[in-house]
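One file, work.pdb, is given below (PDB, C-alpha atoms and all ligand atoms).
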```pdb
MODEL        1
ATOM      1  CA  MET A 712      79.191  99.580 237.789
ATOM      2  CA  LEU A 713      81.439 102.039 239.623
ATOM      3  CA  LYS A 714      80.685 105.691 240.223
ATOM      4  CA  VAL A 715      82.962 108.148 242.001
ATOM      5  CA  GLU A 716      81.355 111.409 243.091
ATOM      6  CA  ASP A 717      83.382 114.395 244.318
ATOM      7  CA  LEU A 718      85.896 112.202 246.079
ATOM      8  CA  CYS A 719      88.424 114.087 248.225
ATOM      9  CA  TYR A 720      91.230 112.549 250.241
ATOM     10  CA  GLU A 721      94.160 114.007 252.166
ATOM     11  CA  TYR A 722      97.310 112.437 253.630
ATOM     12  CA  GLU A 723      98.936 113.916 256.715
ATOM     13  CA  SER A 724     101.816 114.851 254.414
ATOM     14  CA  GLY A 725      99.423 117.311 252.778
ATOM     15  CA  PHE A 726      98.953 115.549 249.437
ATOM     16  CA  LYS A 727      95.338 115.782 248.329
ATOM     17  CA  LEU A 728      93.026 114.064 245.888
ATOM     18  CA  LYS A 729      90.703 116.837 244.780
ATOM     19  CA  ASN A 730      87.121 116.396 243.568
ATOM     20  CA  ILE A 731      87.514 113.167 241.687
ATOM     21  CA  ASN A 732      84.532 112.305 239.482
ATOM     22  CA  PHE A 733      84.223 109.454 237.033
ATOM     23  CA  GLU A 734      82.112 106.473 236.102
ATOM     24  CA  VAL A 735      83.080 103.010 234.949
ATOM     25  CA  LYS A 736      80.736 100.836 232.914
ATOM     26  CA  GLY A 737      80.847  97.040 232.972
ATOM     27  CA  GLY A 738      83.331  95.633 230.452
ATOM     28  CA  GLU A 739      85.275  98.890 230.015
ATOM     29  CA  SER A 740      89.075  99.017 230.064
ATOM     30  CA  ILE A 741      90.456 102.237 231.504
ATOM     31  CA  GLY A 742      94.038 103.356 231.875
ATOM     32  CA  ILE A 743      94.835 105.666 234.782
ATOM     33  CA  ILE A 744      97.976 107.560 233.871
ATOM     34  CA  GLY A 745      99.957 110.515 235.198
ATOM     35  CA  GLU A 746     103.383 111.425 236.555
ATOM     36  CA  ASN A 747     104.922 109.844 239.670
ATOM     37  CA  GLY A 748     103.120 111.138 242.726
ATOM     38  CA  SER A 749     100.044 112.356 240.835
ATOM     39  CA  GLY A 750      97.799 110.224 243.071
ATOM     40  CA  LYS A 751      96.961 107.147 240.990
ATOM     41  CA  THR A 752      97.663 104.563 243.690
ATOM     42  CA  THR A 753      96.028 106.760 246.331
ATOM     43  CA  LEU A 754      92.897 106.910 244.191
ATOM     44  CA  VAL A 755      92.627 103.150 243.744
ATOM     45  CA  LYS A 756      93.317 102.581 247.457
ATOM     46  CA  ASN A 757      90.220 104.692 248.056
ATOM     47  CA  LEU A 758      88.285 102.594 245.542
ATOM     48  CA  ILE A 759      89.125  99.343 247.318
ATOM     49  CA  GLY A 760      88.536 100.736 250.798
ATOM     50  CA  LEU A 761      92.142 100.616 252.069
ATOM     51  CA  LEU A 762      91.823 104.389 252.396
ATOM     52  CA  ARG A 763      88.480 106.062 253.018
ATOM     53  CA  PRO A 764      87.451 109.308 251.295
ATOM     54  CA  LYS A 765      87.392 112.451 253.470
ATOM     55  CA  SER A 766      84.365 113.527 251.484
ATOM     56  CA  GLY A 767      82.435 112.436 248.442
ATOM     57  CA  LYS A 768      81.098 109.038 247.538
ATOM     58  CA  ILE A 769      82.036 105.810 245.827
ATOM     59  CA  LEU A 770      79.144 103.729 244.533
ATOM     60  CA  LEU A 771      79.694 100.118 243.589
ATOM     61  CA  ASN A 772      76.692  98.750 241.674
ATOM     62  CA  GLY A 773      74.746 101.575 243.269
ATOM     63  CA  GLU A 774      75.841 100.735 246.804
ATOM     64  CA  ASP A 775      77.822 103.266 248.864
ATOM     65  CA  THR A 776      81.184 101.629 249.699
ATOM     66  CA  SER A 777      81.514 103.629 252.936
ATOM     67  CA  LYS A 778      79.107 101.058 254.383
ATOM     68  CA  MET A 779      81.114  98.118 253.053
ATOM     69  CA  SER A 780      84.158  96.414 254.588
ATOM     70  CA  VAL A 781      87.385  95.972 252.609
ATOM     71  CA  ALA A 782      86.519  92.267 252.300
ATOM     72  CA  GLU A 783      83.064  93.059 250.908
ATOM     73  CA  ILE A 784      84.478  95.464 248.350
ATOM     74  CA  ALA A 785      87.069  92.836 247.409
ATOM     75  CA  ARG A 786      84.317  90.498 246.214
ATOM     76  CA  THR A 787      83.732  92.922 243.346
ATOM     77  CA  ILE A 788      87.036  94.764 242.952
ATOM     78  CA  GLY A 789      90.290  92.826 242.788
ATOM     79  CA  PHE A 790      93.486  94.843 243.216
ATOM     80  CA  VAL A 791      96.953  93.632 242.292
ATOM     81  CA  PHE A 792      99.596  95.700 244.079
ATOM     82  CA  GLN A 793     102.440  97.603 242.449
ATOM     83  CA  ASN A 794     104.918  95.273 244.180
ATOM     84  CA  PRO A 795     103.787  91.621 244.346
ATOM     85  CA  ASP A 796     105.972  90.977 247.427
ATOM     86  CA  ASN A 797     103.486  93.045 249.443
ATOM     87  CA  GLN A 798     100.777  90.596 248.602
ATOM     88  CA  ILE A 799     102.492  87.229 249.006
ATOM     89  CA  PHE A 800     102.619  85.515 252.385
ATOM     90  CA  ALA A 801     101.808  81.775 252.181
ATOM     91  CA  SER A 802     104.421  79.019 252.035
ATOM     92  CA  THR A 803     103.300  77.383 248.796
ATOM     93  CA  VAL A 804     101.897  78.769 245.569
ATOM     94  CA  LYS A 805      98.751  76.694 245.911
ATOM     95  CA  GLU A 806      98.173  77.859 249.490
ATOM     96  CA  GLU A 807      98.677  81.444 248.422
ATOM     97  CA  VAL A 808      95.999  81.179 245.753
ATOM     98  CA  SER A 809      93.638  79.184 248.019
ATOM     99  CA  PHE A 810      93.668  81.760 250.802
ATOM    100  CA  GLY A 811      91.084  84.175 249.352
ATOM    101  CA  PRO A 812      88.548  81.493 248.334
ATOM    102  CA  GLN A 813      88.858  79.844 251.770
ATOM    103  CA  ASN A 814      88.180  83.179 253.422
ATOM    104  CA  LEU A 815      85.131  83.704 251.238
ATOM    105  CA  LYS A 816      84.060  80.108 251.953
ATOM    106  CA  MET A 817      83.716  79.435 248.229
ATOM    107  CA  ASP A 818      82.692  76.004 246.871
ATOM    108  CA  ASN A 819      84.937  73.731 244.781
ATOM    109  CA  ILE A 820      88.069  75.562 245.923
ATOM    110  CA  GLU A 821      90.434  72.820 244.750
ATOM    111  CA  GLU A 822      89.018  72.970 241.223
ATOM    112  CA  ILE A 823      88.937  76.765 240.966
ATOM    113  CA  VAL A 824      92.491  77.110 242.268
ATOM    114  CA  GLU A 825      93.763  74.540 239.788
ATOM    115  CA  ASP A 826      92.005  76.313 236.943
ATOM    116  CA  VAL A 827      93.507  79.714 237.834
ATOM    117  CA  LEU A 828      96.981  78.216 238.275
ATOM    118  CA  LYS A 829      96.709  76.775 234.774
ATOM    119  CA  LYS A 830      95.415  80.033 233.290
ATOM    120  CA  THR A 831      98.358  81.912 234.776
ATOM    121  CA  ASP A 832     100.868  79.217 233.826
ATOM    122  CA  LEU A 833     101.832  78.468 237.431
ATOM    123  CA  PHE A 834     100.451  74.965 237.814
ATOM    124  CA  LYS A 835     103.876  73.364 237.713
ATOM    125  CA  TYR A 836     104.930  75.511 240.684
ATOM    126  CA  LYS A 837     101.903  74.714 242.830
ATOM    127  CA  ASP A 838     103.993  73.205 245.637
ATOM    128  CA  SER A 839     106.887  75.672 245.407
ATOM    129  CA  HIS A 840     107.585  78.410 247.917
ATOM    130  CA  PRO A 841     106.404  81.747 246.441
ATOM    131  CA  PHE A 842     109.705  83.430 247.250
ATOM    132  CA  LYS A 843     111.486  80.953 244.992
ATOM    133  CA  LEU A 844     109.536  82.228 241.986
ATOM    134  CA  SER A 845     111.046  84.691 239.515
ATOM    135  CA  GLY A 846     109.755  88.254 239.331
ATOM    136  CA  GLY A 847     107.486  87.463 236.398
ATOM    137  CA  GLU A 848     106.080  84.383 238.092
ATOM    138  CA  LYS A 849     105.518  86.307 241.333
ATOM    139  CA  GLN A 850     103.606  88.955 239.404
ATOM    140  CA  ARG A 851     101.408  86.216 237.903
ATOM    141  CA  LEU A 852     100.948  84.676 241.359
ATOM    142  CA  ALA A 853      99.713  88.003 242.716
ATOM    143  CA  LEU A 854      97.287  88.174 239.792
ATOM    144  CA  ALA A 855      96.201  84.539 240.267
ATOM    145  CA  SER A 856      95.434  85.038 243.960
ATOM    146  CA  ILE A 857      93.084  87.895 243.019
ATOM    147  CA  LEU A 858      91.562  86.272 239.908
ATOM    148  CA  VAL A 859      90.636  83.192 241.870
ATOM    149  CA  MET A 860      87.994  85.257 243.680
ATOM    150  CA  ASN A 861      86.455  86.154 240.335
ATOM    151  CA  PRO A 862      86.207  89.946 240.816
ATOM    152  CA  LYS A 863      84.081  91.809 238.241
ATOM    153  CA  ILE A 864      86.524  94.707 238.262
ATOM    154  CA  LEU A 865      90.245  94.093 238.132
ATOM    155  CA  ILE A 866      92.698  96.850 239.047
ATOM    156  CA  LEU A 867      96.330  96.371 238.078
ATOM    157  CA  ASP A 868      98.978  98.794 239.359
ATOM    158  CA  GLU A 869     102.060  98.769 237.089
ATOM    159  CA  PRO A 870     101.671  95.062 236.275
ATOM    160  CA  THR A 871     104.619  94.824 233.885
ATOM    161  CA  SER A 872     107.229  97.019 235.561
ATOM    162  CA  GLY A 873     110.375  94.995 236.102
ATOM    163  CA  LEU A 874     109.253  92.225 233.730
ATOM    164  CA  ASP A 875     111.215  91.246 230.633
ATOM    165  CA  LEU A 876     109.473  91.227 227.275
ATOM    166  CA  ARG A 877     108.506  87.547 227.404
ATOM    167  CA  ASN A 878     106.981  87.754 230.870
ATOM    168  CA  ALA A 879     105.280  91.054 230.110
ATOM    169  CA  ARG A 880     103.721  89.517 226.966
ATOM    170  CA  LYS A 881     102.560  86.518 228.940
ATOM    171  CA  LEU A 882     100.869  88.768 231.467
ATOM    172  CA  ILE A 883      99.295  90.898 228.717
ATOM    173  CA  GLY A 884      97.961  87.706 227.104
ATOM    174  CA  ILE A 885      96.290  86.696 230.361
ATOM    175  CA  VAL A 886      94.779  90.163 230.778
ATOM    176  CA  LYS A 887      93.480  90.156 227.186
ATOM    177  CA  ASN A 888      91.729  86.849 227.833
ATOM    178  CA  LEU A 889      90.071  88.403 230.873
ATOM    179  CA  GLN A 890      88.916  91.341 228.750
ATOM    180  CA  ARG A 891      87.397  88.906 226.244
ATOM    181  CA  GLU A 892      85.451  87.336 229.110
ATOM    182  CA  GLY A 893      83.959  90.791 229.702
ATOM    183  CA  ARG A 894      85.875  91.690 232.822
ATOM    184  CA  THR A 895      86.226  95.384 233.659
ATOM    185  CA  LEU A 896      89.838  96.545 233.780
ATOM    186  CA  ILE A 897      91.481  99.525 235.431
ATOM    187  CA  LEU A 898      95.156  99.679 234.560
ATOM    188  CA  ILE A 899      97.670 102.031 236.137
ATOM    189  CA  SER A 900     100.820 102.307 234.091
ATOM    190  CA  HIS A 901     103.595 104.585 232.860
ATOM    191  CA  ASP A 902     104.010 102.377 229.812
ATOM    192  CA  MET A 903     101.954 104.102 227.119
ATOM    193  CA  LYS A 904     102.469 101.192 224.746
ATOM    194  CA  LEU A 905     100.888  98.870 227.302
ATOM    195  CA  VAL A 906      98.071 101.326 227.970
ATOM    196  CA  SER A 907      97.344 101.692 224.260
ATOM    197  CA  ASP A 908      97.402  97.920 223.898
ATOM    198  CA  LEU A 909      94.826  97.287 226.610
ATOM    199  CA  CYS A 910      92.706 100.407 227.089
ATOM    200  CA  GLU A 911      90.341 102.447 224.951
ATOM    201  CA  ARG A 912      89.751 105.116 227.579
ATOM    202  CA  ILE A 913      92.193 107.099 229.689
ATOM    203  CA  ILE A 914      91.934 109.002 232.934
ATOM    204  CA  LEU A 915      94.811 111.439 233.169
ATOM    205  CA  MET A 916      95.870 112.658 236.615
ATOM    206  CA  LYS A 917      98.041 115.530 237.721
ATOM    207  CA  SER A 918      98.678 116.742 241.293
ATOM    208  CA  GLY A 919      95.747 114.821 242.747
ATOM    209  CA  GLU A 920      93.232 115.873 240.102
ATOM    210  CA  ILE A 921      91.759 114.306 236.985
ATOM    211  CA  ILE A 922      92.711 116.690 234.200
ATOM    212  CA  ALA A 923      91.348 114.620 231.328
ATOM    213  CA  ASP A 924      89.042 111.655 230.851
ATOM    214  CA  GLY A 925      88.240 110.366 227.390
ATOM    215  CA  GLY A 926      89.159 108.208 224.429
ATOM    216  CA  ILE A 927      92.829 107.349 224.246
ATOM    217  CA  LYS A 928      93.305 108.695 220.714
ATOM    218  CA  GLU A 929      91.579 111.944 221.559
ATOM    219  CA  ILE A 930      93.814 112.489 224.599
ATOM    220  CA  PHE A 931      97.025 111.449 222.838
ATOM    221  CA  ASN A 932      96.156 113.951 220.098
ATOM    222  CA  ASP A 933      95.965 116.842 222.558
ATOM    223  CA  SER A 934      99.436 118.374 222.439
ATOM    224  CA  ASN A 935      98.737 120.826 225.278
ATOM    225  CA  LEU A 936      97.772 118.026 227.632
ATOM    226  CA  LEU A 937     100.775 115.945 226.653
ATOM    227  CA  GLU A 938     103.135 118.809 227.346
ATOM    228  CA  LYS A 939     101.489 119.671 230.645
ATOM    229  CA  THR A 940     101.812 116.100 231.907
ATOM    230  CA  ARG A 941     105.080 115.173 230.152
ATOM    231  CA  LEU A 942     103.464 112.112 228.611
ATOM    232  CA  ASP A 943     105.590 110.159 226.201
ATOM    233  CA  LEU A 944     103.577 108.564 223.388
ATOM    234  CA  PRO A 945     104.422 105.158 221.930
ATOM    235  CA  GLU A 946     106.862 105.617 219.025
ATOM    236  CA  ILE A 947     104.300 104.523 216.441
ATOM    237  CA  ALA A 948     101.824 107.153 217.646
ATOM    238  CA  LYS A 949     104.531 109.824 217.426
ATOM    239  CA  LEU A 950     105.262 108.764 213.861
ATOM    240  CA  SER A 951     101.613 108.650 212.806
ATOM    241  CA  LYS A 952     101.180 112.133 214.270
ATOM    242  CA  ILE A 953     104.180 113.493 212.340
ATOM    243  CA  LEU A 954     102.750 111.940 209.166
ATOM    244  CA  GLU A 955      99.461 113.705 209.996
ATOM    245  CA  PHE A 956      97.455 110.480 210.134
ATOM    246  CA  GLY A 957      96.236 111.163 213.665
ATOM    247  CA  ILE A 958      96.970 108.651 216.416
ATOM    248  CA  VAL A 959      97.561 105.127 215.134
ATOM    249  CA  PHE A 960      98.783 102.235 217.284
ATOM    250  CA  ASP A 961      98.702  99.431 214.746
ATOM    251  CA  PRO A 962     101.666  99.260 212.280
ATOM    252  CA  GLU A 963      99.494  97.670 209.570
ATOM    253  CA  GLU A 964      96.926 100.424 209.885
ATOM    254  CA  LEU A 965      99.660 103.042 209.621
ATOM    255  CA  TYR A 966     101.030 101.301 206.531
ATOM    256  CA  ARG A 967      97.569 101.229 204.914
ATOM    257  CA  LYS A 968      97.069 104.927 205.600
ATOM    258  CA  TRP A 969     100.482 105.715 204.191
ATOM    259  CA  ARG A 970      99.800 103.643 201.044
ATOM    260  CA  ALA A 971      96.428 105.299 200.564
ATOM    261  CA  SER A 972      97.978 108.759 200.879
ATOM    262  CA  ASN A 973     100.476 107.886 198.141
ATOM    263  CA  ASP A 974      97.878 106.614 195.659
TER     264      ASP A 974
HETATM  265  N1  LIG A1001     100.938 106.753 253.237
HETATM  266  C1  LIG A1001     101.221 107.986 252.800
HETATM  267  N2  LIG A1001     101.336 109.020 253.665
HETATM  268  C2  LIG A1001     101.601 110.254 253.247
HETATM  269  N3  LIG A1001     101.780 110.606 251.954
HETATM  270  C3  LIG A1001     101.677 109.626 251.037
HETATM  271  C4  LIG A1001     101.391 108.271 251.412
HETATM  272  N4  LIG A1001     101.350 107.509 250.301
HETATM  273  C5  LIG A1001     101.583 108.354 249.265
HETATM  274  N5  LIG A1001     101.783 109.615 249.701
HETATM  275  C6  LIG A1001     102.030 110.803 248.867
HETATM  276  O1  LIG A1001     100.909 111.020 248.030
HETATM  277  C7  LIG A1001     101.317 111.420 246.739
HETATM  278  C8  LIG A1001     100.658 110.536 245.706
HETATM  279  O2  LIG A1001     101.171 109.232 245.805
HETATM  280  P1  LIG A1001     100.661 108.025 244.931
HETATM  281  O3  LIG A1001     101.394 106.840 245.419
HETATM  282  O4  LIG A1001      99.202 107.990 244.952
HETATM  283  O5  LIG A1001     101.147 108.471 243.482
HETATM  284  P2  LIG A1001     101.194 107.634 242.125
HETATM  285  O6  LIG A1001     100.536 108.467 241.100
HETATM  286  O7  LIG A1001     100.689 106.262 242.359
HETATM  287  O8  LIG A1001     102.768 107.620 241.822
HETATM  288  P3  LIG A1001     103.675 106.490 241.106
HETATM  289  O9  LIG A1001     103.484 106.668 239.645
HETATM  290  O10 LIG A1001     105.063 106.879 241.508
HETATM  291  O11 LIG A1001     103.275 105.153 241.616
HETATM  292  C9  LIG A1001     102.840 111.383 246.739
HETATM  293  O12 LIG A1001     103.299 112.691 246.873
HETATM  294  C10 LIG A1001     103.193 110.560 247.944
HETATM  295  O13 LIG A1001     104.380 111.001 248.535
HETATM  296 MG    MG A1002     101.541 104.367 242.279
ENDMDL
END
```
Representation of the structure as structure tokens:
Amino acid sequence: MLKVEDLCYEYESGFKLKNINFEVKGGESIGIIGENGSGKTTLVKNLIGLLRPKSGKILLNGEDTSKMSVAEIARTIGFVFQNPDNQIFASTVKEEVSFGPQNLKMDNIEEIVEDVLKKTDLFKYKDSHPFKLSGGEKQRLALASILVMNPKILILDEPTSGLDLRNARKLIGIVKNLQREGRTLILISHDMKLVSDLCERIILMKSGEIIADGGIKEIFNDSNLLEKTRLDLPEIAKLSKILEFGIVFDPEELYRKWRASND
């Protein structure tokens, strides 16, 4: 679905993305992780065409994105920004969500918008001004205004930062429903619990390079990598590692393994 070949990018400040290579299959959920400033947001800005690679290629369903406009790429890849305020500009929630579909001249806009507002639990705010919404609601609005265009690939940049537990759970619930529908997910996050909850594969970045790409358990088991990138595992994974049960994220599974080892 998405193939990145030898992508290089450089800001005037000197920061570089170096020889990025990876592939994403339809329906996969991938976490892009790495320290602050490792280049995660820069990479996805290249994927969605906001920045253009200095060299290398990005293929979307086999088509080179260098020949596609940002709007064309957006039909397939939806990107929800790190800070929802950057994305919100209309004067009502409904207008905000209707903007994309109107631009794309989609059919049945009224119906689709209503459906997305319900899915994201924002229907009751449809006539409110977006800036009156709480942080959690704004985050869902940013997601709704992307979802409404039905992108096959959804990229979320730190979707739960600044959200309390209830709002974070609500957002995770919405994302899990999207995964069940077969949507492809790319999640950028520093929250390893969230990443382990939503992703089976991880791309680990450091100083503009991908230093690991593989199954989440495999990567979380690699102590050298963890040290090099100062990754902090979810508490349950730390415990399961100490108990020498490998990486376990599910408390029940850990309990079963512990029981079995005591029999
Ligand atoms: N517009 C820009 N011009 C110049 N340098 C930039 C620009 N945007 C980002 N950078 C630099 O590029 C590097 C990578 O930034 P990027 O935002 O991609 O990191 P990140 O991995 O998303 O970090 P975080 O986890 O903090 O969001 C940083 O050193 C940053 O200062
Ligand atoms: Mg970032």
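With only C-alpha atoms and all ligand atoms as the atoms that count, the minimum distance from ligand MG 1002 (chain A) to the choices A:Leu844, A:Leu754, A:Val735, A:Val906 is reached by A:Leu754.
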Please report the interatomic distance between CA of Phe792 in chain A and CA of Phe931 in chain A in Å with one decimal. 26.6 Å
Near Asn757 in chain A, counting only C-alpha atoms, which residues have an atom at most 12 Å away, once you skip same-chain residues fewer than 2 positions from it, shown as an MDAnalysis selection string? chainID A and resid 715 718:722 728 731 750:755 759:770 776:777 781 784 788 790
Selection dump of the PyMOL selection byres (((chain A and resi 917) around 8) and not hetatm), as a PyMOL selection string: chain A and resi 745-746+749-750+915-916+918-922+940
Grab all the atoms of range 868-876 of chain A that the file lists, wrap them in a box along x, y and z, add 3 Å per side, and give me centre plus edge lengths in Å (one decimal) as AutoDock Vina command-line options.
```
--center_x 105.1 --center_y 95.0 --center_z 233.3 --size_x 18.2 --size_y 13.6 --size_z 18.1
```
Carefully work through the PyMOL selection byres (((chain A and resi 890) around 10) and not hetatm) for this structure and note down the residues it includes, as a list in words.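 Here the PyMOL selection byres (((chain A and resi 890) around 10) and not hetatm) matches Gly738, Glu739, Ser740, Leu865, Gly884, Ile885, Val886, Lys887, Asn888, Leu889, Arg891, Glu892, Gly893, Arg894, Thr895, Leu896, Leu909 and Cys910 of chain A.
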Selection: 12 Å around range 948-962 of chain A, only C-alpha atoms, excl. self and same-chain fewer than 4 positions, as a PyMOL selection string: chain A and resi 903-911+926-934+937+942-944+966-973
For atom O7 of ligand LIG 1001 (chain A) and CA of Gly748 in chain A, determine how far apart the two atoms are, in Å to one decimal place.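 CA of Gly748 in chain A lies at a distance of 5.5 Å from atom O7 of ligand LIG 1001 (chain A).
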